[in-house]
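The next block is input_24.txt, given as compact mmCIF, C-alpha atoms.
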```txt
# COMPACT_ATOMS: atom_id res chain seq x y z
CA MET A 14 -48.42 -144.36 85.68
CA ASP A 15 -46.13 -142.35 87.87
CA ASN A 16 -43.33 -144.64 89.01
CA GLN A 17 -39.59 -144.55 89.37
CA LEU A 18 -38.97 -144.98 85.63
CA THR A 19 -41.60 -142.48 84.46
CA PRO A 20 -41.61 -139.70 87.06
CA SER A 21 -43.83 -136.69 86.59
CA PHE A 22 -40.90 -134.35 85.98
CA ALA A 23 -39.54 -136.37 83.04
CA PRO A 24 -41.32 -134.22 80.40
CA PHE A 25 -39.74 -131.15 81.98
CA VAL A 26 -36.28 -132.58 81.32
CA GLY A 27 -37.24 -133.53 77.77
CA MET A 28 -38.76 -130.14 76.99
CA SER A 29 -35.63 -128.45 78.27
CA GLY A 30 -33.83 -130.27 75.44
CA ILE A 31 -36.08 -128.53 72.90
CA ALA A 32 -35.42 -125.18 74.55
CA PHE A 33 -31.65 -125.74 74.74
CA ALA A 34 -31.49 -126.73 71.07
CA MET A 35 -33.38 -123.65 69.88
CA ILE A 36 -31.83 -121.15 72.32
CA PHE A 37 -28.19 -122.07 71.79
CA GLY A 38 -28.55 -122.88 68.10
CA CYS A 39 -30.20 -119.54 67.39
CA LEU A 40 -27.67 -117.70 69.57
CA GLY A 41 -24.92 -119.10 67.36
CA ALA A 42 -26.83 -118.33 64.17
CA ALA A 43 -27.56 -114.79 65.35
CA TYR A 44 -23.94 -114.12 66.27
CA GLY A 45 -22.73 -115.50 62.95
CA THR A 46 -25.25 -113.44 60.99
CA ALA A 47 -24.62 -110.22 62.90
CA LYS A 48 -20.82 -110.39 62.98
CA SER A 49 -20.48 -111.33 59.31
CA GLY A 50 -23.18 -108.78 58.48
CA ILE A 51 -20.93 -106.08 59.93
CA GLY A 52 -18.15 -107.19 57.60
CA ILE A 53 -20.47 -107.38 54.59
CA SER A 54 -21.75 -103.87 55.24
CA GLY A 55 -18.17 -102.64 55.43
CA VAL A 56 -17.32 -104.33 52.12
CA GLY A 57 -20.54 -103.24 50.43
CA THR A 58 -19.76 -99.54 50.76
CA TYR A 59 -16.56 -99.98 48.72
CA ARG A 60 -17.33 -102.96 46.44
CA PRO A 61 -21.10 -103.42 46.08
CA ASP A 62 -20.51 -106.01 43.32
CA LEU A 63 -19.05 -108.43 45.88
CA ILE A 64 -22.08 -108.52 48.17
CA MET A 65 -23.62 -111.62 46.57
CA LYS A 66 -20.44 -113.63 47.09
CA CYS A 67 -19.95 -112.29 50.60
CA LEU A 68 -23.37 -113.49 51.73
CA ILE A 69 -22.11 -117.08 52.13
CA PRO A 70 -21.43 -116.81 55.91
CA VAL A 71 -24.98 -115.51 56.40
CA VAL A 72 -26.43 -118.51 54.52
CA MET A 73 -24.29 -120.83 56.65
CA SER A 74 -25.49 -119.25 59.87
CA GLY A 75 -29.02 -119.80 58.66
CA ILE A 76 -28.27 -123.50 58.24
CA LEU A 77 -27.19 -123.74 61.88
CA ALA A 78 -30.64 -122.55 62.89
CA VAL A 79 -32.15 -125.19 60.58
CA TYR A 80 -30.19 -127.92 62.42
CA ALA A 81 -31.57 -126.73 65.75
CA LEU A 82 -35.05 -126.53 64.27
CA VAL A 83 -34.91 -130.10 62.93
CA ILE A 84 -33.89 -131.54 66.31
CA SER A 85 -36.48 -129.46 68.15
CA VAL A 86 -39.25 -130.72 65.86
CA LEU A 87 -37.99 -134.31 66.25
CA ILE A 88 -38.01 -134.11 70.06
CA ALA A 89 -41.35 -132.33 70.17
CA SER A 90 -42.94 -135.11 68.10
CA ASP A 91 -41.87 -137.67 70.74
CA ILE A 92 -43.39 -135.95 73.76
CA ARG A 93 -47.08 -136.52 74.56
CA PRO A 94 -49.09 -135.85 77.71
CA PRO A 95 -49.25 -138.77 80.22
CA PRO A 96 -52.52 -140.62 79.52
CA GLU A 97 -51.46 -141.02 75.89
CA LYS A 98 -47.86 -141.94 76.56
CA ASN A 99 -45.73 -142.70 79.62
CA TYR A 100 -42.72 -140.52 79.05
CA SER A 101 -39.77 -142.15 80.78
CA LEU A 102 -36.96 -140.35 82.55
CA TYR A 103 -34.56 -142.15 80.19
CA ASN A 104 -36.25 -140.49 77.19
CA GLY A 105 -36.28 -137.14 78.93
CA ILE A 106 -32.58 -137.09 79.70
CA MET A 107 -31.78 -138.44 76.26
CA HIS A 108 -33.78 -135.66 74.65
CA MET A 109 -32.00 -133.12 76.81
CA ALA A 110 -28.67 -134.55 75.65
CA ALA A 111 -29.84 -134.38 72.03
CA GLY A 112 -30.89 -130.77 72.43
CA LEU A 113 -27.64 -129.77 74.13
CA SER A 114 -25.52 -131.64 71.61
CA VAL A 115 -27.08 -129.76 68.70
CA GLY A 116 -27.39 -126.43 70.51
CA LEU A 117 -23.90 -125.91 71.92
CA PRO A 118 -22.03 -127.00 68.74
CA GLY A 119 -24.36 -124.63 66.91
CA LEU A 120 -23.22 -121.84 69.20
CA ALA A 121 -19.58 -122.77 68.63
CA ALA A 122 -20.00 -123.00 64.85
CA GLY A 123 -21.89 -119.70 64.74
CA TYR A 124 -19.11 -118.00 66.69
CA ALA A 125 -16.50 -119.33 64.27
CA ILE A 126 -18.57 -118.42 61.20
CA GLY A 127 -19.12 -114.92 62.55
CA ILE A 128 -15.45 -114.16 63.09
CA VAL A 129 -14.23 -115.83 59.89
CA GLY A 130 -17.08 -114.26 57.92
CA ASP A 131 -16.25 -110.76 59.15
CA VAL A 132 -12.49 -110.87 58.62
CA GLY A 133 -12.57 -113.12 55.54
CA VAL A 134 -15.01 -110.91 53.68
CA ARG A 135 -12.90 -107.82 54.36
CA ALA A 136 -9.79 -109.65 53.15
CA TYR A 137 -11.65 -110.81 50.03
CA MET A 138 -12.28 -107.17 49.16
CA ARG A 139 -8.52 -106.63 48.77
CA GLN A 140 -7.42 -110.05 47.47
CA SER A 141 -9.91 -112.04 45.40
CA ARG A 142 -7.93 -115.28 45.57
CA ILE A 143 -8.86 -115.66 49.22
CA PHE A 144 -12.40 -116.63 48.21
CA VAL A 145 -11.79 -120.40 47.99
CA GLY A 146 -9.89 -120.42 51.26
CA MET A 147 -12.58 -118.42 53.02
CA VAL A 148 -15.32 -120.74 51.81
CA LEU A 149 -13.30 -123.79 52.90
CA ILE A 150 -12.74 -122.38 56.39
CA LEU A 151 -16.42 -121.52 56.64
CA ILE A 152 -17.38 -125.05 55.60
CA PHE A 153 -15.13 -126.55 58.27
CA ALA A 154 -16.72 -124.25 60.86
CA GLU A 155 -20.16 -125.23 59.61
CA VAL A 156 -19.32 -128.94 59.88
CA LEU A 157 -18.91 -128.51 63.66
CA GLY A 158 -22.63 -127.86 63.85
CA LEU A 159 -23.29 -130.82 61.55
CA TYR A 160 -21.44 -133.17 63.93
CA GLY A 161 -23.69 -132.03 66.74
CA LEU A 162 -26.72 -132.71 64.55
CA ILE A 163 -25.50 -136.23 63.72
CA VAL A 164 -24.97 -137.07 67.39
CA ALA A 165 -28.38 -135.67 68.26
CA LEU A 166 -30.04 -137.73 65.50
CA ILE A 167 -28.29 -140.90 66.70
CA LEU A 168 -29.33 -140.18 70.29
CA ASN A 169 -32.89 -139.66 69.10
CA THR A 170 -33.07 -143.14 67.54
CA ARG A 171 -32.59 -144.62 71.03
CA ALA A 172 -36.05 -143.42 72.03
CA VAL A 173 -38.21 -146.29 73.29
CA GLY A 174 -41.86 -146.53 74.16
CA MET B 24 -41.43 -53.57 48.50
CA ALA B 25 -40.04 -55.87 51.17
CA THR B 26 -42.10 -58.75 49.91
CA ARG B 27 -41.09 -58.40 46.34
CA ARG B 28 -40.49 -61.75 44.62
CA ILE B 29 -37.23 -62.38 42.84
CA ILE B 30 -38.07 -63.16 39.26
CA SER B 31 -35.19 -64.62 37.31
CA SER B 32 -35.93 -65.78 33.85
CA THR B 33 -32.75 -67.56 32.73
CA ASN B 34 -30.20 -68.38 35.43
CA ASP B 35 -32.12 -69.89 38.34
CA PRO B 36 -29.63 -71.35 40.86
CA LEU B 37 -32.06 -74.20 41.56
CA ASP B 38 -31.60 -75.44 38.00
CA VAL B 39 -27.83 -75.73 38.35
CA ASP B 40 -26.14 -78.61 40.19
CA ALA B 41 -22.93 -78.51 42.24
CA SER B 42 -20.61 -78.71 39.26
CA GLY B 43 -22.17 -75.62 37.74
CA ALA B 44 -23.55 -77.39 34.70
CA PRO B 45 -27.26 -77.06 34.11
CA GLN B 46 -29.16 -80.30 34.67
CA ALA B 47 -30.36 -82.35 31.76
CA PRO B 48 -34.01 -81.69 31.07
CA GLY B 49 -34.80 -85.38 30.52
CA PRO B 50 -36.10 -87.78 33.16
CA SER B 51 -33.61 -88.74 35.88
CA ASN B 52 -32.20 -92.25 36.23
CA ILE B 53 -34.49 -94.15 38.60
CA ALA B 54 -33.38 -97.69 37.71
CA PRO B 55 -32.77 -99.77 40.85
CA ALA B 56 -29.15 -100.13 41.95
CA VAL B 57 -29.53 -103.92 42.26
CA PRO B 58 -30.47 -105.64 38.99
CA ALA B 59 -33.66 -107.68 38.96
CA SER B 60 -31.83 -110.94 38.20
CA VAL B 61 -29.71 -110.66 41.34
CA LEU B 62 -32.77 -109.83 43.41
CA PHE B 63 -34.61 -112.82 41.95
CA LYS B 64 -31.68 -115.12 42.76
CA LEU B 65 -31.50 -113.89 46.35
CA LEU B 66 -35.24 -114.20 46.87
CA SER B 67 -35.37 -117.70 45.40
CA PHE B 68 -32.49 -118.84 47.65
CA THR B 69 -34.19 -117.31 50.68
CA PHE B 70 -37.43 -119.06 49.78
CA ALA B 71 -35.65 -122.39 49.30
CA MET B 72 -33.80 -121.97 52.59
CA VAL B 73 -37.02 -121.33 54.50
CA THR B 74 -39.29 -123.93 52.94
CA LEU B 75 -37.14 -126.78 51.59
CA PRO B 76 -35.73 -128.36 54.81
CA ILE B 77 -38.87 -128.15 56.91
CA GLY B 78 -41.03 -129.08 53.91
CA THR B 79 -38.89 -132.16 53.28
CA TYR B 80 -39.18 -133.18 56.92
CA PHE B 81 -42.97 -133.01 57.03
CA PHE B 82 -43.38 -134.52 53.54
CA ILE B 83 -41.32 -137.56 54.48
CA THR B 84 -42.83 -138.09 57.93
CA ASN B 85 -46.38 -137.78 56.63
CA TYR B 86 -46.28 -139.46 53.21
CA VAL B 87 -43.10 -141.45 52.45
CA LEU B 88 -41.77 -143.05 55.64
CA VAL B 89 -44.60 -142.67 58.12
CA GLY B 90 -43.29 -142.72 61.69
CA ASN B 91 -39.61 -142.70 60.82
CA ASN B 92 -38.61 -139.25 62.01
CA THR B 93 -34.85 -139.73 62.07
CA VAL B 94 -34.43 -140.25 58.32
CA ALA B 95 -36.69 -137.28 57.69
CA GLY B 96 -34.62 -135.10 60.04
CA ALA B 97 -31.38 -136.16 58.38
CA LEU B 98 -32.84 -135.46 54.94
CA ALA B 99 -33.99 -132.02 56.08
CA ALA B 100 -30.41 -131.19 57.10
CA VAL B 101 -29.16 -132.56 53.77
CA MET B 102 -31.58 -130.30 51.89
CA ALA B 103 -30.31 -127.26 53.81
CA ASN B 104 -26.78 -128.15 52.74
CA VAL B 105 -27.90 -128.65 49.12
CA VAL B 106 -29.17 -125.07 49.12
CA LEU B 107 -25.87 -123.89 50.58
CA ILE B 108 -23.81 -125.77 47.97
CA ALA B 109 -25.99 -124.38 45.19
CA TYR B 110 -25.35 -120.88 46.53
CA ILE B 111 -21.58 -121.42 46.73
CA VAL B 112 -21.48 -122.83 43.18
CA MET B 113 -23.43 -119.82 41.92
CA ALA B 114 -21.14 -117.37 43.72
CA TYR B 115 -18.05 -119.18 42.41
CA GLN B 116 -19.34 -119.06 38.83
CA ASP B 117 -20.01 -115.33 39.19
CA ASP B 118 -16.42 -114.98 40.39
CA GLN B 119 -15.05 -116.86 37.37
CA ALA B 120 -17.17 -114.83 34.93
CA GLU B 121 -15.95 -111.57 36.43
CA GLN B 122 -12.32 -112.65 36.28
CA LYS B 123 -12.77 -113.53 32.59
CA GLU B 124 -14.24 -110.11 31.90
CA ASP B 125 -11.36 -108.41 33.68
CA ALA B 126 -8.83 -110.45 31.71
CA GLU B 127 -10.48 -109.51 28.41
CA LYS B 128 -10.51 -105.86 29.36
CA GLU B 129 -6.81 -106.01 30.17
CA LYS B 130 -6.09 -107.64 26.81
CA LYS B 131 -8.01 -104.91 24.99
CA ALA B 132 -6.17 -102.22 26.93
CA ILE B 133 -2.83 -103.68 25.84
```

As structure tokens, the full file:
Amino acid sequence: MDNQLTPSFAPFVGMSGIAFAMIFGCLGAAYGTAKSGIGISGVGTYRPDLIMKCLIPVVMSGILAVYALVISVLIASDIRPPPEKNYSLYNGIMHMAAGLSVGLPGLAAGYAIGIVGDVGVRAYMRQSRIFVGMVLILIFAEVLGLYGLIVALILNTRAVG
Amino acid sequence: MATRRIISSTNDPLDVDASGAPQAPGPSNIAPAVPASVLFKLLSFTFAMVTLPIGTYFFITNYVLVGNNTVAGALAAVMANVVLIAYIVMAYQDDQAEQKEDAEKEKKAI
């Protein structure tokens, strides 16, 4: 039924959450991959033996995209067309918040991973002791995206109906 | 006579490389620059990264905890991090092994 609590535009708001999660999360992952990929290519021409160790920022950027993917699949499994399920405006806005809260931290984490990955990998080429520090900084950048995922998962448990 | 072919029997410039030494007659080195073990490691991590999180999610929602999506989503994220930690541990061990080799080489040099 189309009433004040379940208006016809509620699914639009909820679907925008899916789109926000994927768009911003993948923007962050793409920036992190590309920027650290520039650094890895620069290192690889001088020290090809270090490439395996330098790929860590790329793996981390990939994980950011996995976070966005998980939330998108979760939200998408909650949305059904009207005769099957009356999708409330509350659920729609909550799903939008979940999508934004995993997407924008993903963008922030990807930006940090990209810059640290690029510069850290180049520094690692000259000084091998920087490896542990670089990985630690990358993990702290990665955790930013994880916080967004946790908030999005908690928001998603509030879904009713 | 303008189309006469140059016939050189011994010192063909095409047989000599830039350094002036004649090339070895044996087969050239066509082994891949990246060893197969490294390639296998990379491919297996890529495969795990692609399939493990999303596979965990659908396995748990469909078979273990039917209808409980949140736990499945959290576990999918955990699996992605497990792959990452495995990769970091592997890279760190490679680092340690290389440092040991370098130290042994230095000892031998002294």

For chain A against chain B, with a cut-off of 10 Å and counting all atoms listed in the file, what is the closest atom pair and its distance in Å to one decimal for every residue that makes the cut, ordered by chain and number, as CSV?
```
residue,atom,partner,partner_atom,distance
A:Pro61,CA,B:Val57,CA,9.3
A:Asp62,CA,B:Val57,CA,9.3
A:Leu63,CA,B:Asp118,CA,8.9
A:Ile64,CA,B:Ala114,CA,10.0
A:Met65,CA,B:Ala114,CA,6.9
A:Lys66,CA,B:Ala114,CA,5.1
A:Cys67,CA,B:Ala114,CA,8.6
A:Leu68,CA,B:Ala114,CA,9.2
A:Ile69,CA,B:Ile111,CA,6.9
A:Pro70,CA,B:Leu107,CA,9.9
A:Val72,CA,B:Leu107,CA,6.7
A:Met73,CA,B:Leu107,CA,7.0
A:Gly75,CA,B:Met72,CA,8.0
A:Ile76,CA,B:Ala103,CA,6.2
A:Leu77,CA,B:Ala103,CA,9.3
A:Val79,CA,B:Ala100,CA,7.2
A:Tyr80,CA,B:Ala100,CA,6.2
A:Ala81,CA,B:Ala100,CA,9.8
A:Leu82,CA,B:Ile77,CA,8.4
A:Val83,CA,B:Gly96,CA,5.8
A:Ile84,CA,B:Gly96,CA,7.2
A:Val86,CA,B:Gly96,CA,8.6
A:Leu87,CA,B:Asn92,CA,6.5
A:Ile88,CA,B:Asn92,CA,9.6
A:Ser90,CA,B:Asn92,CA,8.5
A:Asp91,CA,B:Asn92,CA,9.5
A:Ser141,CA,B:Asp118,CA,8.7
A:Arg142,CA,B:Asp118,CA,10.0
A:Phe144,CA,B:Tyr115,CA,8.5
A:Val145,CA,B:Tyr115,CA,8.5
A:Val148,CA,B:Ile111,CA,8.1
A:Ile152,CA,B:Leu107,CA,9.9
A:Glu155,CA,B:Asn104,CA,10.0
A:Leu159,CA,B:Ala100,CA,8.4
A:Leu162,CA,B:Ala100,CA,8.5
A:Ile163,CA,B:Ala97,CA,7.9
A:Ala165,CA,B:Thr93,CA,9.8
A:Leu166,CA,B:Thr93,CA,6.2
A:Ile167,CA,B:Thr93,CA,8.1
A:Leu168,CA,B:Thr93,CA,9.9
A:Asn169,CA,B:Thr93,CA,7.3
A:Thr170,CA,B:Thr93,CA,6.7
```

Which residues come within 12 Å of stretch 16-27 of chain A, counting all atoms listed in the file, excluding same-chain residues fewer than 3 positions away, as a PDB file with C-alpha atoms, keeping the file's coordinate frame?
```
ATOM      1  CA  GLY A  30     -33.830-130.270  75.440  1.00  0.00           C
ATOM      2  CA  ILE A  31     -36.080-128.530  72.900  1.00  0.00           C
ATOM      3  CA  ALA A  32     -35.420-125.180  74.550  1.00  0.00           C
ATOM      4  CA  PHE A  33     -31.650-125.740  74.740  1.00  0.00           C
ATOM      5  CA  ALA A  34     -31.490-126.730  71.070  1.00  0.00           C
ATOM      6  CA  SER A  85     -36.480-129.460  68.150  1.00  0.00           C
ATOM      7  CA  LEU A  87     -37.990-134.310  66.250  1.00  0.00           C
ATOM      8  CA  ILE A  88     -38.010-134.110  70.060  1.00  0.00           C
ATOM      9  CA  ALA A  89     -41.350-132.330  70.170  1.00  0.00           C
ATOM     10  CA  SER A  90     -42.940-135.110  68.100  1.00  0.00           C
ATOM     11  CA  ASP A  91     -41.870-137.670  70.740  1.00  0.00           C
ATOM     12  CA  ILE A  92     -43.390-135.950  73.760  1.00  0.00           C
ATOM     13  CA  ARG A  93     -47.080-136.520  74.560  1.00  0.00           C
ATOM     14  CA  PRO A  94     -49.090-135.850  77.710  1.00  0.00           C
ATOM     15  CA  PRO A  95     -49.250-138.770  80.220  1.00  0.00           C
ATOM     16  CA  PRO A  96     -52.520-140.620  79.520  1.00  0.00           C
ATOM     17  CA  LYS A  98     -47.860-141.940  76.560  1.00  0.00           C
ATOM     18  CA  ASN A  99     -45.730-142.700  79.620  1.00  0.00           C
ATOM     19  CA  TYR A 100     -42.720-140.520  79.050  1.00  0.00           C
ATOM     20  CA  SER A 101     -39.770-142.150  80.780  1.00  0.00           C
ATOM     21  CA  LEU A 102     -36.960-140.350  82.550  1.00  0.00           C
ATOM     22  CA  TYR A 103     -34.560-142.150  80.190  1.00  0.00           C
ATOM     23  CA  ASN A 104     -36.250-140.490  77.190  1.00  0.00           C
ATOM     24  CA  GLY A 105     -36.280-137.140  78.930  1.00  0.00           C
ATOM     25  CA  ILE A 106     -32.580-137.090  79.700  1.00  0.00           C
ATOM     26  CA  MET A 107     -31.780-138.440  76.260  1.00  0.00           C
ATOM     27  CA  HIS A 108     -33.780-135.660  74.650  1.00  0.00           C
ATOM     28  CA  MET A 109     -32.000-133.120  76.810  1.00  0.00           C
ATOM     29  CA  ALA A 110     -28.670-134.550  75.650  1.00  0.00           C
ATOM     30  CA  ALA A 111     -29.840-134.380  72.030  1.00  0.00           C
ATOM     31  CA  GLY A 112     -30.890-130.770  72.430  1.00  0.00           C
ATOM     32  CA  LEU A 113     -27.640-129.770  74.130  1.00  0.00           C
ATOM     33  CA  ASN A 169     -32.890-139.660  69.100  1.00  0.00           C
ATOM     34  CA  ALA A 172     -36.050-143.420  72.030  1.00  0.00           C
ATOM     35  CA  GLY A 174     -41.860-146.530  74.160  1.00  0.00           C
TER      36      GLY A 174
END
```

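Take atom CA of A:Gly133 and atom CA of A:Gly41: the distance between them is 18.1 Å.
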
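Note that atom CA of A:Thr46 and atom CA of A:Gly127 are 6.5 Å apart.
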
How many Å lie between atom CA of A:Gly55 and atom CA of A:Ile126, rounded to one decimal?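 Computed distance, atom CA of A:Gly55 to atom CA of A:Ile126, equals 16.8 Å.
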
Taking 4 positions as the minimum chain separation for residues in the same chain, which residues sit within 6 Å of A:Gly158 when counting only C-alpha atoms? Answer as a PyMOL selection string. chain A and resi 118-119+122

For A:Gly50, which residue out of A:Ala78, A:Met35, A:Val115, A:Ile128 is the nearest one, using only C-alpha atoms?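 Checking each candidate against A:Gly50, we get A:Ile128 as the closest.
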
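Among the candidates A:Leu149, A:Val134, A:Leu120, A:Val56, the residue lying nearest to A:Tyr44 is A:Leu120 (atoms considered: all atoms listed in the file).
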
How would stretch 75-87 of chain B look with N, CA, C and O atoms restored, written as a tab-separated table (two decimals), keeping the file's coordinate frame?
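What landed in out.tsv:
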```tsv
chain	number	residue	atom	x	y	z
B	75	LEU	N	-37.58	-125.46	52.04
B	75	LEU	CA	-37.14	-126.78	51.59
B	75	LEU	C	-36.86	-127.75	52.76
B	75	LEU	O	-37.40	-128.87	52.76
B	76	PRO	N	-36.03	-127.39	53.76
B	76	PRO	CA	-35.73	-128.36	54.81
B	76	PRO	C	-36.96	-128.78	55.61
B	76	PRO	O	-37.23	-129.97	55.78
B	77	ILE	N	-37.73	-127.81	56.06
B	77	ILE	CA	-38.87	-128.15	56.91
B	77	ILE	C	-39.97	-128.82	56.08
B	77	ILE	O	-40.66	-129.72	56.54
B	78	GLY	N	-40.07	-128.42	54.80
B	78	GLY	CA	-41.03	-129.08	53.91
B	78	GLY	C	-40.66	-130.53	53.67
B	78	GLY	O	-41.51	-131.41	53.68
B	79	THR	N	-39.35	-130.78	53.46
B	79	THR	CA	-38.89	-132.16	53.28
B	79	THR	C	-39.21	-133.00	54.50
B	79	THR	O	-39.69	-134.13	54.38
B	80	TYR	N	-38.94	-132.44	55.67
B	80	TYR	CA	-39.18	-133.18	56.92
B	80	TYR	C	-40.64	-133.61	57.01
B	80	TYR	O	-40.95	-134.79	57.20
B	81	PHE	N	-41.55	-132.67	56.84
B	81	PHE	CA	-42.97	-133.01	57.03
B	81	PHE	C	-43.49	-133.88	55.88
B	81	PHE	O	-44.33	-134.74	56.10
B	82	PHE	N	-42.96	-133.67	54.66
B	82	PHE	CA	-43.38	-134.52	53.54
B	82	PHE	C	-43.01	-135.97	53.81
B	82	PHE	O	-43.82	-136.88	53.64
B	83	ILE	N	-41.78	-136.18	54.29
B	83	ILE	CA	-41.32	-137.56	54.48
B	83	ILE	C	-42.00	-138.21	55.67
B	83	ILE	O	-42.42	-139.37	55.61
B	84	THR	N	-42.17	-137.47	56.77
B	84	THR	CA	-42.83	-138.09	57.93
B	84	THR	C	-44.29	-138.40	57.64
B	84	THR	O	-44.83	-139.36	58.17
B	85	ASN	N	-44.94	-137.58	56.82
B	85	ASN	CA	-46.38	-137.78	56.63
B	85	ASN	C	-46.73	-138.69	55.47
B	85	ASN	O	-47.77	-139.34	55.50
B	86	TYR	N	-45.87	-138.73	54.42
B	86	TYR	CA	-46.28	-139.46	53.21
B	86	TYR	C	-45.35	-140.61	52.85
B	86	TYR	O	-45.80	-141.67	52.45
B	87	VAL	N	-44.02	-140.43	52.97
B	87	VAL	CA	-43.10	-141.45	52.45
B	87	VAL	C	-42.80	-142.50	53.51
B	87	VAL	O	-43.19	-143.67	53.38
```
